[in-house]
Amino acid sequence: LARYANDEQKKRWLEPLLDGQIRSAFLMTEPAVASSDATNIETSIRRDGDHYVVNGRKWWSSGVGDPRCKIAIVMGKTDPDAPSHQQQSMVLVPRDTPGLTVVRPLTVYGYADAAHGGHAEMRFEDGRVPVSTLSGEEGSGFAIAQARLGPGRIHHCMRAIGMAERALELMCRRVAEREAFGKPLARQGVILQWIAQARIRIESTRLLILKTAWLMDTVGNKGAHTEIQAIKILTPEVTTWVLDRAVQAFGGAGVSQDTPLAALWAGARTLHLADGPDEVHESSLARAEIRRQLS
């Protein structure tokens, strides 16, 4: 909204968002297609006079479960015949628009992913919004989505590092108070190896995240593209590795509701998919590296 909304849209939606009066939702991923390739998106945004008519299904609609959510930013196709990366547009759909239905809340490994339900599956059936709700220009939806996802990815990684730190703290406390086979777990060789490796991996990942943040501040998201992809690949891997060892150190308690580890693991595992699966980032990063080395 800050980068692409017009003055009227900013007044109506951005200002109350910044004031904390309302919340927003982002609707991009769809259940019927492989949404890791955003050109697959099928939701139709068809022009009808002074309105757009929206039809389609979305899921993992982030933020829509919050009762304060008043606006949904929706990505769909306005021109299926345009070049593949210029078919999509973004429209701002008020949450109470007729034809917009919450099909069901979605859980992550059985956990509610956020307060008030977090994500949901949504259905549009002839939802009508004025043409003035278009964000940016027709055909700019793919570019807008990519501009949003860079900062979103580093945000995921920053939170994930905190999850890994929490897991390491819990693991250290646990092994210091438990004994097995005649000595504390904290003196078992394999446990010591896990703790040492956890600290090394967390610190290495944290430094790469800090470098990425510095590049985003100094040369912009485009200049930090390689590093953004690198941390999006590395951080979930490191976080799930640390959480896995912490769960193992806790034993049965680690997979129960008595510690936060199981829920943290579910969230960290999801980051291997959220905002682009690992494999897509790896493929893109590798192609860029080959070009750089051969230039």
# chains A, B, ... in the order shown; residues from 1 in each chain; ligands from 1

$ closest_atom_pairs --of "region 5-27 of chain A" --to "region 50-61 of chain A" --cutoff "10 Å" --atoms "only C-alpha atoms" --output "tab-separated table"
residue	atom	partner	partner_atom	distance
A:Ala25	CA	A:Ser61	CA	6.6
A:Phe26	CA	A:Ser61	CA	5.8
A:Leu27	CA	A:Ser61	CA	4.8

$ write_last_selection --atoms "all heavy atoms" --output "PDB file, in the first residue's frame"
ATOM      1  N   ALA A  25      -5.155  -8.493   5.028  1.00  0.00           N
ATOM      2  CA  ALA A  25      -4.873  -9.868   4.623  1.00  0.00           C
ATOM      3  C   ALA A  25      -4.257  -9.853   3.236  1.00  0.00           C
ATOM      4  O   ALA A  25      -4.516  -8.944   2.439  1.00  0.00           O
ATOM      5  CB  ALA A  25      -6.152 -10.705   4.628  1.00  0.00           C
ATOM      6  N   PHE A  26      -3.440 -10.863   2.944  1.00  0.00           N
ATOM      7  CA  PHE A  26      -2.812 -10.989   1.633  1.00  0.00           C
ATOM      8  C   PHE A  26      -3.236 -12.316   1.031  1.00  0.00           C
ATOM      9  O   PHE A  26      -2.985 -13.376   1.614  1.00  0.00           O
ATOM     10  CB  PHE A  26      -1.289 -10.911   1.756  1.00  0.00           C
ATOM     11  CG  PHE A  26      -0.579 -10.886   0.427  1.00  0.00           C
ATOM     12  CD1 PHE A  26      -0.721  -9.809  -0.421  1.00  0.00           C
ATOM     13  CD2 PHE A  26       0.233 -11.939   0.045  1.00  0.00           C
ATOM     14  CE1 PHE A  26      -0.062  -9.780  -1.644  1.00  0.00           C
ATOM     15  CE2 PHE A  26       0.893 -11.917  -1.178  1.00  0.00           C
ATOM     16  CZ  PHE A  26       0.743 -10.831  -2.019  1.00  0.00           C
ATOM     17  N   LEU A  27      -3.898 -12.278  -0.138  1.00  0.00           N
ATOM     18  CA  LEU A  27      -4.469 -13.463  -0.769  1.00  0.00           C
ATOM     19  C   LEU A  27      -3.787 -13.698  -2.112  1.00  0.00           C
ATOM     20  O   LEU A  27      -4.074 -13.019  -3.100  1.00  0.00           O
ATOM     21  CB  LEU A  27      -5.979 -13.293  -0.977  1.00  0.00           C
ATOM     22  CG  LEU A  27      -6.890 -13.536   0.235  1.00  0.00           C
ATOM     23  CD1 LEU A  27      -6.605 -12.578   1.377  1.00  0.00           C
ATOM     24  CD2 LEU A  27      -8.355 -13.433  -0.187  1.00  0.00           C
TER      25      LEU A  27
END

$ residues_around --residues "region 72-86 of chain A" --least-positions-apart "3" --cutoff "8 Å" --atoms "only C-alpha atoms" --output "PyMOL selection string"
chain A and resi 24-28+39+41-47+64+69+89-95+138-143

$ atom_distance --atom1 "CA of Leu149 (chain A)" --atom2 "CA of Ser284 (chain A)"
14.7 Å

$ select_by_dssp --residues "region 143-255 of chain A" --states "strand (DSSP E)" --output "PyMOL selection string"
chain A and resi 179-180+183-184

$ write_last_selection --atoms "N, CA and C atoms" --output "PDB file, in the first residue's frame"
ATOM      1  N   GLU A 179      19.446 -37.054  33.881  1.00  0.00           N
ATOM      2  CA  GLU A 179      20.508 -38.048  33.846  1.00  0.00           C
ATOM      3  C   GLU A 179      20.048 -39.268  33.057  1.00  0.00           C
ATOM      4  N   ALA A 180      21.006 -39.904  32.383  1.00  0.00           N
ATOM      5  CA  ALA A 180      20.747 -41.165  31.685  1.00  0.00           C
ATOM      6  C   ALA A 180      22.033 -41.983  31.674  1.00  0.00           C
ATOM      7  N   LYS A 183      25.001 -40.649  34.135  1.00  0.00           N
ATOM      8  CA  LYS A 183      25.588 -39.312  34.125  1.00  0.00           C
ATOM      9  C   LYS A 183      24.617 -38.335  33.473  1.00  0.00           C
ATOM     10  N   PRO A 184      24.775 -37.016  33.776  1.00  0.00           N
ATOM     11  CA  PRO A 184      23.863 -36.022  33.199  1.00  0.00           C
ATOM     12  C   PRO A 184      23.914 -36.043  31.671  1.00  0.00           C
TER      13      PRO A 184
END

$ closest_residue --among "A:Ala34, A:Ala224, A:Val238, A:Leu294" --to "Gly162 (chain A)" --atoms "only C-alpha atoms"
A:Val238

$ closest_residue --among "A:Ala274, A:Leu168, A:Tyr111, A:Gln146" --to "Val247 (chain A)" --atoms "only C-alpha atoms"
A:Leu168

$ residues_around --residues "Ala286 (chain A)" --least-positions-apart "6" --cutoff "10 Å" --atoms "only C-alpha atoms" --output "PyMOL selection string"
chain A and resi 226+280+292

$ residues_around --residues "Ala198 (chain A)" --least-positions-apart "2" --cutoff "10 Å" --atoms "only C-alpha atoms" --output "list in words"
Ala164, Glu165, Ala167, Leu168, Leu192, Gln193, Trp194, Ile195, Ala196, Ile200, Arg201, Ile202, Glu203, Ser204, Val238, Thr239, Trp241, Val242, Leu243, Arg245 and Ala246 of chain A

$ write_last_selection --atoms "N, CA, C and O atoms" --output "mmCIF file, in the first residue's frame"
data_model
loop_
_atom_site.group_PDB
_atom_site.id
_atom_site.type_symbol
_atom_site.label_atom_id
_atom_site.label_comp_id
_atom_site.auth_asym_id
_atom_site.auth_seq_id
_atom_site.Cartn_x
_atom_site.Cartn_y
_atom_site.Cartn_z
ATOM 1 N N ALA A 164 15.122 -20.538 16.999
ATOM 2 C CA ALA A 164 16.279 -21.406 17.207
ATOM 3 C C ALA A 164 16.967 -21.096 18.536
ATOM 4 O O ALA A 164 17.389 -22.012 19.262
ATOM 5 N N GLU A 165 17.073 -19.817 18.862
ATOM 6 C CA GLU A 165 17.669 -19.430 20.147
ATOM 7 C C GLU A 165 16.864 -19.978 21.312
ATOM 8 O O GLU A 165 17.422 -20.472 22.302
ATOM 9 N N ALA A 167 14.948 -22.603 21.307
ATOM 10 C CA ALA A 167 15.119 -24.055 21.359
ATOM 11 C C ALA A 167 16.448 -24.435 22.000
ATOM 12 O O ALA A 167 16.522 -25.376 22.808
ATOM 13 N N LEU A 168 17.516 -23.705 21.655
ATOM 14 C CA LEU A 168 18.826 -23.998 22.232
ATOM 15 C C LEU A 168 18.828 -23.748 23.735
ATOM 16 O O LEU A 168 19.388 -24.541 24.516
ATOM 17 N N LEU A 192 26.577 -32.816 23.628
ATOM 18 C CA LEU A 192 27.530 -31.702 23.558
ATOM 19 C C LEU A 192 27.772 -31.289 22.107
ATOM 20 O O LEU A 192 27.897 -30.105 21.790
ATOM 21 N N GLN A 193 27.830 -32.266 21.226
ATOM 22 C CA GLN A 193 28.016 -31.965 19.804
ATOM 23 C C GLN A 193 26.822 -31.179 19.257
ATOM 24 O O GLN A 193 26.985 -30.202 18.518
ATOM 25 N N TRP A 194 25.607 -31.593 19.628
ATOM 26 C CA TRP A 194 24.409 -30.870 19.175
ATOM 27 C C TRP A 194 24.464 -29.413 19.619
ATOM 28 O O TRP A 194 24.164 -28.509 18.832
ATOM 29 N N ILE A 195 24.812 -29.193 20.883
ATOM 30 C CA ILE A 195 24.809 -27.831 21.420
ATOM 31 C C ILE A 195 25.863 -26.976 20.731
ATOM 32 O O ILE A 195 25.602 -25.820 20.352
ATOM 33 N N ALA A 196 27.055 -27.529 20.529
ATOM 34 C CA ALA A 196 28.107 -26.771 19.854
ATOM 35 C C ALA A 196 27.701 -26.433 18.424
ATOM 36 O O ALA A 196 27.844 -25.283 17.966
ATOM 37 N N ILE A 200 27.054 -22.688 16.563
ATOM 38 C CA ILE A 200 27.776 -22.316 15.339
ATOM 39 C C ILE A 200 26.795 -21.979 14.222
ATOM 40 O O ILE A 200 26.938 -20.962 13.521
ATOM 41 N N ARG A 201 25.779 -22.815 14.034
ATOM 42 C CA ARG A 201 24.837 -22.614 12.933
ATOM 43 C C ARG A 201 23.971 -21.377 13.150
ATOM 44 O O ARG A 201 23.690 -20.633 12.211
ATOM 45 N N ILE A 202 23.559 -21.160 14.385
ATOM 46 C CA ILE A 202 22.745 -19.972 14.675
ATOM 47 C C ILE A 202 23.541 -18.702 14.409
ATOM 48 O O ILE A 202 23.056 -17.768 13.758
ATOM 49 N N GLU A 203 24.773 -18.649 14.887
ATOM 50 C CA GLU A 203 25.569 -17.433 14.717
ATOM 51 C C GLU A 203 25.911 -17.189 13.254
ATOM 52 O O GLU A 203 25.877 -16.045 12.775
ATOM 53 N N SER A 204 26.239 -18.236 12.511
ATOM 54 C CA SER A 204 26.549 -18.084 11.084
ATOM 55 C C SER A 204 25.335 -17.556 10.324
ATOM 56 O O SER A 204 25.444 -16.661 9.473
ATOM 57 N N VAL A 238 18.448 -24.407 9.293
ATOM 58 C CA VAL A 238 19.135 -24.328 10.578
ATOM 59 C C VAL A 238 18.141 -24.400 11.733
ATOM 60 O O VAL A 238 18.359 -25.115 12.721
ATOM 61 N N THR A 239 17.045 -23.683 11.615
ATOM 62 C CA THR A 239 16.064 -23.645 12.707
ATOM 63 C C THR A 239 15.436 -25.003 12.949
ATOM 64 O O THR A 239 15.309 -25.454 14.099
ATOM 65 N N TRP A 241 16.782 -27.837 12.194
ATOM 66 C CA TRP A 241 17.853 -28.707 12.712
ATOM 67 C C TRP A 241 17.989 -28.524 14.226
ATOM 68 O O TRP A 241 18.059 -29.507 14.976
ATOM 69 N N VAL A 242 18.041 -27.290 14.683
ATOM 70 C CA VAL A 242 18.181 -27.033 16.119
ATOM 71 C C VAL A 242 16.956 -27.539 16.871
ATOM 72 O O VAL A 242 17.072 -28.191 17.924
ATOM 73 N N LEU A 243 15.767 -27.259 16.357
ATOM 74 C CA LEU A 243 14.543 -27.700 17.020
ATOM 75 C C LEU A 243 14.470 -29.224 17.083
ATOM 76 O O LEU A 243 14.029 -29.797 18.085
ATOM 77 N N ARG A 245 16.945 -31.339 17.316
ATOM 78 C CA ARG A 245 17.822 -31.822 18.378
ATOM 79 C C ARG A 245 17.254 -31.501 19.747
ATOM 80 O O ARG A 245 17.374 -32.292 20.683
ATOM 81 N N ALA A 246 16.630 -30.336 19.875
ATOM 82 C CA ALA A 246 16.023 -29.987 21.160
ATOM 83 C C ALA A 246 14.896 -30.949 21.506
ATOM 84 O O ALA A 246 14.776 -31.407 22.657
#

$ select_by_dssp --residues "region 141-274 of chain A" --states "alpha helix (DSSP H)" --output "PyMOL selection string"
chain A and resi 141-177+189-218+220-223+225-250+261-270
